[in-house]
Amino acid sequence: TSKTYGAKRFSIMKLKILEVERNEIGNVGTIKLQVEGKLRDEEAIRAWKNIKEICFLRQETLGLLVSLICIEDGSQWSLLVDSPSLPIGRPSALALPSITFDDISSTYMGEAIRPMRSLCDIEVDEHELVNLAEETYNEKSGLSNVMGMTPDPTASSESFKFLYLSKRVTKKKLQQIRKNVSEARDEGTGSIALRVIPTNDIWKVSTDMKVMCALFLLNKKFPPSVQSR
């Protein structure tokens, strides 16, 4: 196959599948490939440059940034997933909820969906979601960003789309949500725990880079003065 970007063109000459990893339900999660190709810069009239890389093909990830906006005082609170992390060696690691879209049922799914529904009374409705990366790029720079954000585009096709869901709640309901989440976490009920944290502080308590990206895009799309309206 061949693709052209401006004056640069590359052609993939050979693909070799080295490894296929599947997730817990048997679906393909990661494909490790050895890719050989050629690159040419037409403007520089350079000879073809041979490229040989190890690449990882991964599924798209949807990160969900939830903002609970208190009607009475305008304060904003977000939900983070609290779970142990073996890769970074932490018994408690806070991360942005990850979800997937099921084409068959046309619903969003994920470990965080059930506790959000049962503890927070939050339904994830497709019509209420804002694709932050797509909206921000298209509006501010004119750049089409269908894939979303890629944390390491030099080695992996993994991409993140950041979806934003805002809900206006009363102070009484917010307090009840915080109580429900706290009690469920202390009792150890459910496969994952949730934390309710002021939206402006979630980057301070999490090492998850998706949190920083989501906040950055949120503030680009909706300046702080607009978010609480």
# chains A, B, ... in the order shown; residues from 1 in each chain; ligands from 1
$ residues_around --residues "Thr61 (chain A)" --least-positions-apart "5" --cutoff "7 Å" --atoms "only C-alpha atoms" --output "compact mmCIF listing (two decimals) with all heavy atoms, in the first residue's frame"
# COMPACT_ATOMS: atom_id res chain seq x y z
N SER A 98 -12.28 4.35 31.26
CA SER A 98 -12.21 3.94 29.86
C SER A 98 -13.48 3.19 29.51
O SER A 98 -13.95 2.34 30.28
CB SER A 98 -11.00 3.04 29.62
OG SER A 98 -9.80 3.76 29.80
N SER A 159 -4.72 4.81 19.93
CA SER A 159 -5.24 6.17 19.93
C SER A 159 -6.31 6.31 21.01
O SER A 159 -6.97 5.34 21.39
CB SER A 159 -5.82 6.54 18.56
OG SER A 159 -6.92 5.69 18.24
N PHE A 160 -6.46 7.53 21.49
CA PHE A 160 -7.44 7.83 22.53
C PHE A 160 -8.38 8.92 22.04
O PHE A 160 -7.95 9.94 21.53
CB PHE A 160 -6.76 8.32 23.82
CG PHE A 160 -5.91 7.30 24.49
CD1 PHE A 160 -4.56 7.19 24.21
CD2 PHE A 160 -6.46 6.41 25.42
CE1 PHE A 160 -3.77 6.24 24.83
CE2 PHE A 160 -5.68 5.46 26.04
CZ PHE A 160 -4.33 5.37 25.75
N LYS A 161 -9.66 8.65 22.20
CA LYS A 161 -10.66 9.70 21.97
C LYS A 161 -11.20 10.10 23.33
O LYS A 161 -11.51 9.23 24.15
CB LYS A 161 -11.78 9.19 21.07
CG LYS A 161 -11.37 9.02 19.62
CD LYS A 161 -12.55 8.62 18.75
CE LYS A 161 -12.12 8.51 17.29
NZ LYS A 161 -13.23 8.09 16.42
$ residues_around --residues "Leu129 (chain A)" --least-positions-apart "5" --cutoff "12 Å" --atoms "only C-alpha atoms" --output "list in words"
Leu62, Gly63, Leu64, Leu65, Val66, Ser67, Tyr108, Glu123, Val124, Glu134, Glu135, Lys161, Phe162, Leu163, Tyr164, Leu165, Ser166 and Lys167 of chain A
$ atom_distance --atom1 "CA of Ala95 (chain A)" --atom2 "CA of Asp73 (chain A)"
26.3 Å
$ residues_around --residues "Leu215 (chain A)" --least-positions-apart "2" --cutoff "10 Å" --atoms "only C-alpha atoms" --output "ChimeraX atom specification"
/A:65,132,162,164,199-200,202-203,210-213,217-221
$ write_last_selection --atoms "all heavy atoms" --output "short mmCIF file (atom, residue, chain, number, x, y, z; two decimals), in the first residue's frame"
data_model
loop_
_atom_site.label_atom_id
_atom_site.label_comp_id
_atom_site.auth_asym_id
_atom_site.auth_seq_id
_atom_site.Cartn_x
_atom_site.Cartn_y
_atom_site.Cartn_z
N LEU A 65 -14.44 11.77 30.42
CA LEU A 65 -14.31 12.81 31.45
C LEU A 65 -15.71 13.25 31.85
O LEU A 65 -16.45 13.84 31.06
CB LEU A 65 -13.51 14.00 30.91
CG LEU A 65 -13.37 15.20 31.85
CD1 LEU A 65 -12.68 14.80 33.15
CD2 LEU A 65 -12.62 16.34 31.18
N LEU A 132 -14.05 15.63 22.58
CA LEU A 132 -13.22 16.81 22.81
C LEU A 132 -12.12 16.99 21.78
O LEU A 132 -11.87 18.09 21.29
CB LEU A 132 -12.60 16.73 24.21
CG LEU A 132 -13.56 16.91 25.38
CD1 LEU A 132 -12.84 16.69 26.70
CD2 LEU A 132 -14.21 18.29 25.35
N PHE A 162 -11.28 11.38 23.57
CA PHE A 162 -11.73 11.87 24.86
C PHE A 162 -13.16 12.40 24.75
O PHE A 162 -13.43 13.36 24.03
CB PHE A 162 -10.79 12.96 25.37
CG PHE A 162 -9.40 12.45 25.62
CD1 PHE A 162 -8.39 12.65 24.70
CD2 PHE A 162 -9.10 11.72 26.77
CE1 PHE A 162 -7.12 12.16 24.91
CE2 PHE A 162 -7.84 11.23 27.00
CZ PHE A 162 -6.85 11.44 26.08
N TYR A 164 -16.59 13.86 26.63
CA TYR A 164 -16.93 14.70 27.78
C TYR A 164 -18.42 14.61 28.05
O TYR A 164 -19.25 14.74 27.14
CB TYR A 164 -16.53 16.15 27.49
CG TYR A 164 -16.92 17.13 28.57
CD1 TYR A 164 -16.43 17.00 29.87
CD2 TYR A 164 -17.77 18.20 28.28
CE1 TYR A 164 -16.78 17.91 30.86
CE2 TYR A 164 -18.11 19.12 29.26
CZ TYR A 164 -17.62 18.96 30.55
OH TYR A 164 -17.97 19.87 31.52
N THR A 199 -12.83 18.75 39.70
CA THR A 199 -12.31 18.62 38.33
C THR A 199 -10.95 19.29 38.16
O THR A 199 -10.05 18.73 37.51
CB THR A 199 -13.32 19.22 37.33
OG1 THR A 199 -14.57 18.52 37.44
CG2 THR A 199 -12.81 19.09 35.91
N ASN A 200 -10.76 20.45 38.73
CA ASN A 200 -9.49 21.16 38.57
C ASN A 200 -8.33 20.49 39.30
O ASN A 200 -7.17 20.87 39.09
CB ASN A 200 -9.62 22.61 39.06
CG ASN A 200 -10.46 23.46 38.12
OD1 ASN A 200 -10.56 23.17 36.93
ND2 ASN A 200 -11.08 24.50 38.65
N ILE A 202 -7.97 16.92 39.45
CA ILE A 202 -7.74 15.52 39.09
C ILE A 202 -6.34 15.29 38.53
O ILE A 202 -5.78 14.20 38.67
CB ILE A 202 -8.81 15.01 38.10
CG1 ILE A 202 -8.85 15.86 36.83
CG2 ILE A 202 -10.18 14.97 38.76
CD1 ILE A 202 -9.85 15.33 35.79
N TRP A 203 -5.73 16.31 37.91
CA TRP A 203 -4.39 16.14 37.39
C TRP A 203 -3.34 16.07 38.51
O TRP A 203 -2.25 15.53 38.31
CB TRP A 203 -4.04 17.27 36.42
CG TRP A 203 -3.87 18.61 37.08
CD1 TRP A 203 -4.84 19.52 37.35
CD2 TRP A 203 -2.65 19.20 37.55
NE1 TRP A 203 -4.33 20.63 37.96
CE2 TRP A 203 -2.97 20.46 38.09
CE3 TRP A 203 -1.32 18.78 37.56
CZ2 TRP A 203 -2.02 21.30 38.64
CZ3 TRP A 203 -0.35 19.63 38.09
CH2 TRP A 203 -0.71 20.87 38.63
N LYS A 210 -3.91 10.49 30.37
CA LYS A 210 -5.19 10.79 29.74
C LYS A 210 -5.93 11.88 30.50
O LYS A 210 -6.71 12.64 29.92
CB LYS A 210 -6.05 9.52 29.66
CG LYS A 210 -5.46 8.40 28.83
CD LYS A 210 -6.46 7.28 28.56
CE LYS A 210 -6.96 6.62 29.83
NZ LYS A 210 -5.87 5.91 30.56
N VAL A 211 -5.71 11.96 31.81
CA VAL A 211 -6.34 13.00 32.62
C VAL A 211 -5.89 14.38 32.16
O VAL A 211 -6.70 15.29 31.95
CB VAL A 211 -6.03 12.79 34.12
CG1 VAL A 211 -6.44 14.01 34.93
CG2 VAL A 211 -6.74 11.55 34.64
N MET A 212 -4.57 14.55 31.99
CA MET A 212 -4.03 15.83 31.56
C MET A 212 -4.51 16.20 30.16
O MET A 212 -4.89 17.35 29.89
CB MET A 212 -2.50 15.78 31.59
CG MET A 212 -1.83 17.11 31.30
SD MET A 212 -2.03 18.32 32.62
CE MET A 212 -0.83 17.69 33.80
N CYS A 213 -4.52 15.23 29.25
CA CYS A 213 -4.99 15.49 27.89
C CYS A 213 -6.45 15.92 27.87
O CYS A 213 -6.82 16.86 27.17
CB CYS A 213 -4.79 14.25 27.02
SG CYS A 213 -3.08 13.84 26.64
N LEU A 217 -7.87 19.61 26.60
CA LEU A 217 -8.84 19.74 25.51
C LEU A 217 -10.14 20.36 25.99
O LEU A 217 -10.77 21.15 25.28
CB LEU A 217 -9.11 18.36 24.89
CG LEU A 217 -7.94 17.74 24.14
CD1 LEU A 217 -8.28 16.31 23.73
CD2 LEU A 217 -7.56 18.56 22.92
N LEU A 218 -10.55 20.02 27.23
CA LEU A 218 -11.77 20.60 27.79
C LEU A 218 -11.65 22.12 27.91
O LEU A 218 -12.56 22.86 27.54
CB LEU A 218 -12.05 19.99 29.16
CG LEU A 218 -13.24 20.59 29.93
CD1 LEU A 218 -14.54 20.32 29.20
CD2 LEU A 218 -13.30 20.02 31.35
N ASN A 219 -10.52 22.58 28.40
CA ASN A 219 -10.33 24.02 28.58
C ASN A 219 -10.16 24.75 27.26
O ASN A 219 -10.40 25.95 27.18
CB ASN A 219 -9.11 24.28 29.48
CG ASN A 219 -9.37 23.89 30.93
OD1 ASN A 219 -10.49 23.99 31.41
ND2 ASN A 219 -8.35 23.43 31.62
N LYS A 220 -9.74 24.02 26.22
CA LYS A 220 -9.67 24.62 24.89
C LYS A 220 -11.06 24.75 24.27
O LYS A 220 -11.39 25.76 23.65
CB LYS A 220 -8.76 23.78 23.97
CG LYS A 220 -7.28 23.89 24.27
CD LYS A 220 -6.77 25.28 23.97
CE LYS A 220 -5.28 25.39 24.18
NZ LYS A 220 -4.77 26.76 23.92
N LYS A 221 -11.84 23.70 24.44
CA LYS A 221 -13.18 23.70 23.86
C LYS A 221 -14.14 24.55 24.67
O LYS A 221 -14.92 25.33 24.11
CB LYS A 221 -13.69 22.24 23.78
CG LYS A 221 -15.12 22.11 23.26
CD LYS A 221 -15.27 22.65 21.85
CE LYS A 221 -16.70 22.50 21.35
NZ LYS A 221 -16.89 23.11 20.01
#
$ residues_around --residues "Ile17 (chain A)" --least-positions-apart "3" --cutoff "12 Å" --atoms "only C-alpha atoms" --output "PDB file with N, CA and C atoms, in the first residue's frame"
ATOM      1  N   LYS A  14       6.318  -4.806   2.962  1.00  0.00           N
ATOM      2  CA  LYS A  14       6.256  -6.133   3.576  1.00  0.00           C
ATOM      3  C   LYS A  14       5.745  -6.030   5.002  1.00  0.00           C
ATOM      4  N   VAL A  20       0.297 -11.936  18.474  1.00  0.00           N
ATOM      5  CA  VAL A  20      -1.073 -11.465  18.634  1.00  0.00           C
ATOM      6  C   VAL A  20      -1.498 -11.692  20.074  1.00  0.00           C
ATOM      7  N   GLU A  21      -1.893 -10.627  20.745  1.00  0.00           N
ATOM      8  CA  GLU A  21      -2.357 -10.726  22.128  1.00  0.00           C
ATOM      9  C   GLU A  21      -3.867 -10.525  22.172  1.00  0.00           C
ATOM     10  N   THR A  30      -3.795  -6.547  20.883  1.00  0.00           N
ATOM     11  CA  THR A  30      -2.574  -5.980  20.318  1.00  0.00           C
ATOM     12  C   THR A  30      -1.986  -6.915  19.271  1.00  0.00           C
ATOM     13  N   ILE A  31      -1.552  -6.349  18.162  1.00  0.00           N
ATOM     14  CA  ILE A  31      -0.856  -7.106  17.130  1.00  0.00           C
ATOM     15  C   ILE A  31       0.532  -6.490  16.964  1.00  0.00           C
ATOM     16  N   LYS A  32       1.563  -7.315  17.123  1.00  0.00           N
ATOM     17  CA  LYS A  32       2.943  -6.863  16.953  1.00  0.00           C
ATOM     18  C   LYS A  32       3.402  -7.226  15.542  1.00  0.00           C
ATOM     19  N   LEU A  33       3.847  -6.205  14.812  1.00  0.00           N
ATOM     20  CA  LEU A  33       4.228  -6.389  13.416  1.00  0.00           C
ATOM     21  C   LEU A  33       5.653  -5.947  13.152  1.00  0.00           C
ATOM     22  N   GLN A  34       6.270  -6.584  12.179  1.00  0.00           N
ATOM     23  CA  GLN A  34       7.517  -6.063  11.612  1.00  0.00           C
ATOM     24  C   GLN A  34       7.164  -5.510  10.229  1.00  0.00           C
ATOM     25  N   VAL A  35       7.412  -4.235  10.036  1.00  0.00           N
ATOM     26  CA  VAL A  35       6.996  -3.545   8.812  1.00  0.00           C
ATOM     27  C   VAL A  35       8.212  -3.048   8.054  1.00  0.00           C
ATOM     28  N   GLU A  36       8.228  -3.305   6.753  1.00  0.00           N
ATOM     29  CA  GLU A  36       9.291  -2.806   5.885  1.00  0.00           C
ATOM     30  C   GLU A  36       8.665  -1.942   4.803  1.00  0.00           C
ATOM     31  N   ILE A  54       9.410  -2.023  14.087  1.00  0.00           N
ATOM     32  CA  ILE A  54       8.497  -2.872  14.840  1.00  0.00           C
ATOM     33  C   ILE A  54       7.314  -1.996  15.237  1.00  0.00           C
ATOM     34  N   CYS A  55       6.122  -2.396  14.873  1.00  0.00           N
ATOM     35  CA  CYS A  55       4.932  -1.602  15.141  1.00  0.00           C
ATOM     36  C   CYS A  55       3.921  -2.405  15.958  1.00  0.00           C
ATOM     37  N   PHE A  56       3.130  -1.693  16.740  1.00  0.00           N
ATOM     38  CA  PHE A  56       2.080  -2.318  17.534  1.00  0.00           C
ATOM     39  C   PHE A  56       0.736  -1.739  17.115  1.00  0.00           C
ATOM     40  N   LEU A  57      -0.174  -2.602  16.736  1.00  0.00           N
ATOM     41  CA  LEU A  57      -1.532  -2.185  16.401  1.00  0.00           C
ATOM     42  C   LEU A  57      -2.411  -2.470  17.604  1.00  0.00           C
TER      43      LEU A  57
END
$ residues_around --residues "Leu39 (chain A)" --least-positions-apart "5" --cutoff "7 Å" --atoms "only C-alpha atoms" --output "list in words"
Arg9, Phe10, Ser11, Trp48, Lys49 and Asn50 of chain A
$ write_last_selection --atoms "N, CA and C atoms" --output "tab-separated table (two decimals), in the first residue's frame"
chain	number	residue	atom	x	y	z
A	9	ARG	N	6.01	10.67	0.47
A	9	ARG	CA	5.23	9.47	0.15
A	9	ARG	C	5.93	8.24	0.69
A	10	PHE	N	5.16	7.38	1.28
A	10	PHE	CA	5.76	6.13	1.73
A	10	PHE	C	4.95	4.95	1.22
A	11	SER	N	5.64	3.86	1.01
A	11	SER	CA	5.02	2.64	0.54
A	11	SER	C	5.40	1.50	1.47
A	48	TRP	N	14.93	6.88	-2.57
A	48	TRP	CA	14.08	6.16	-1.65
A	48	TRP	C	14.87	5.76	-0.41
A	49	LYS	N	14.25	5.96	0.76
A	49	LYS	CA	14.88	5.58	2.02
A	49	LYS	C	14.17	4.35	2.57
A	50	ASN	N	14.94	3.32	2.84
A	50	ASN	CA	14.37	2.10	3.38
A	50	ASN	C	14.04	2.27	4.86
$ select_by_dssp --residues "region 18-214 of chain A" --states "strand (DSSP E or B)" --output "number ranges by chain"
A: 18-22, 28-41, 49-58, 61-70, 76-85, 90-95, 98-102, 107-109, 130-131, 149, 156, 160-169, 193-198
$ closest_residue --among "A:Arg90, A:Arg195, A:Arg168, A:Lys38" --to "Glu72 (chain A)" --atoms "only C-alpha atoms"
A:Arg168
$ closest_residue --among "A:Ile51, A:Met209, A:Leu86, A:Ile197" --to "Thr150 (chain A)" --atoms "only C-alpha atoms"
A:Met209
$ select_by_dssp --residues "region 138-225 of chain A" --states "alpha helix (DSSP H)" --output "NGL selection string"
:A and (138-140 or 171-187 or 202-205 or 209-221 or 224-225)
$ residues_around --residues "Ala93 (chain A)" --least-positions-apart "2" --cutoff "10 Å" --atoms "only C-alpha atoms" --output "number ranges by chain"
A: 80-86, 88-91, 95, 205-208
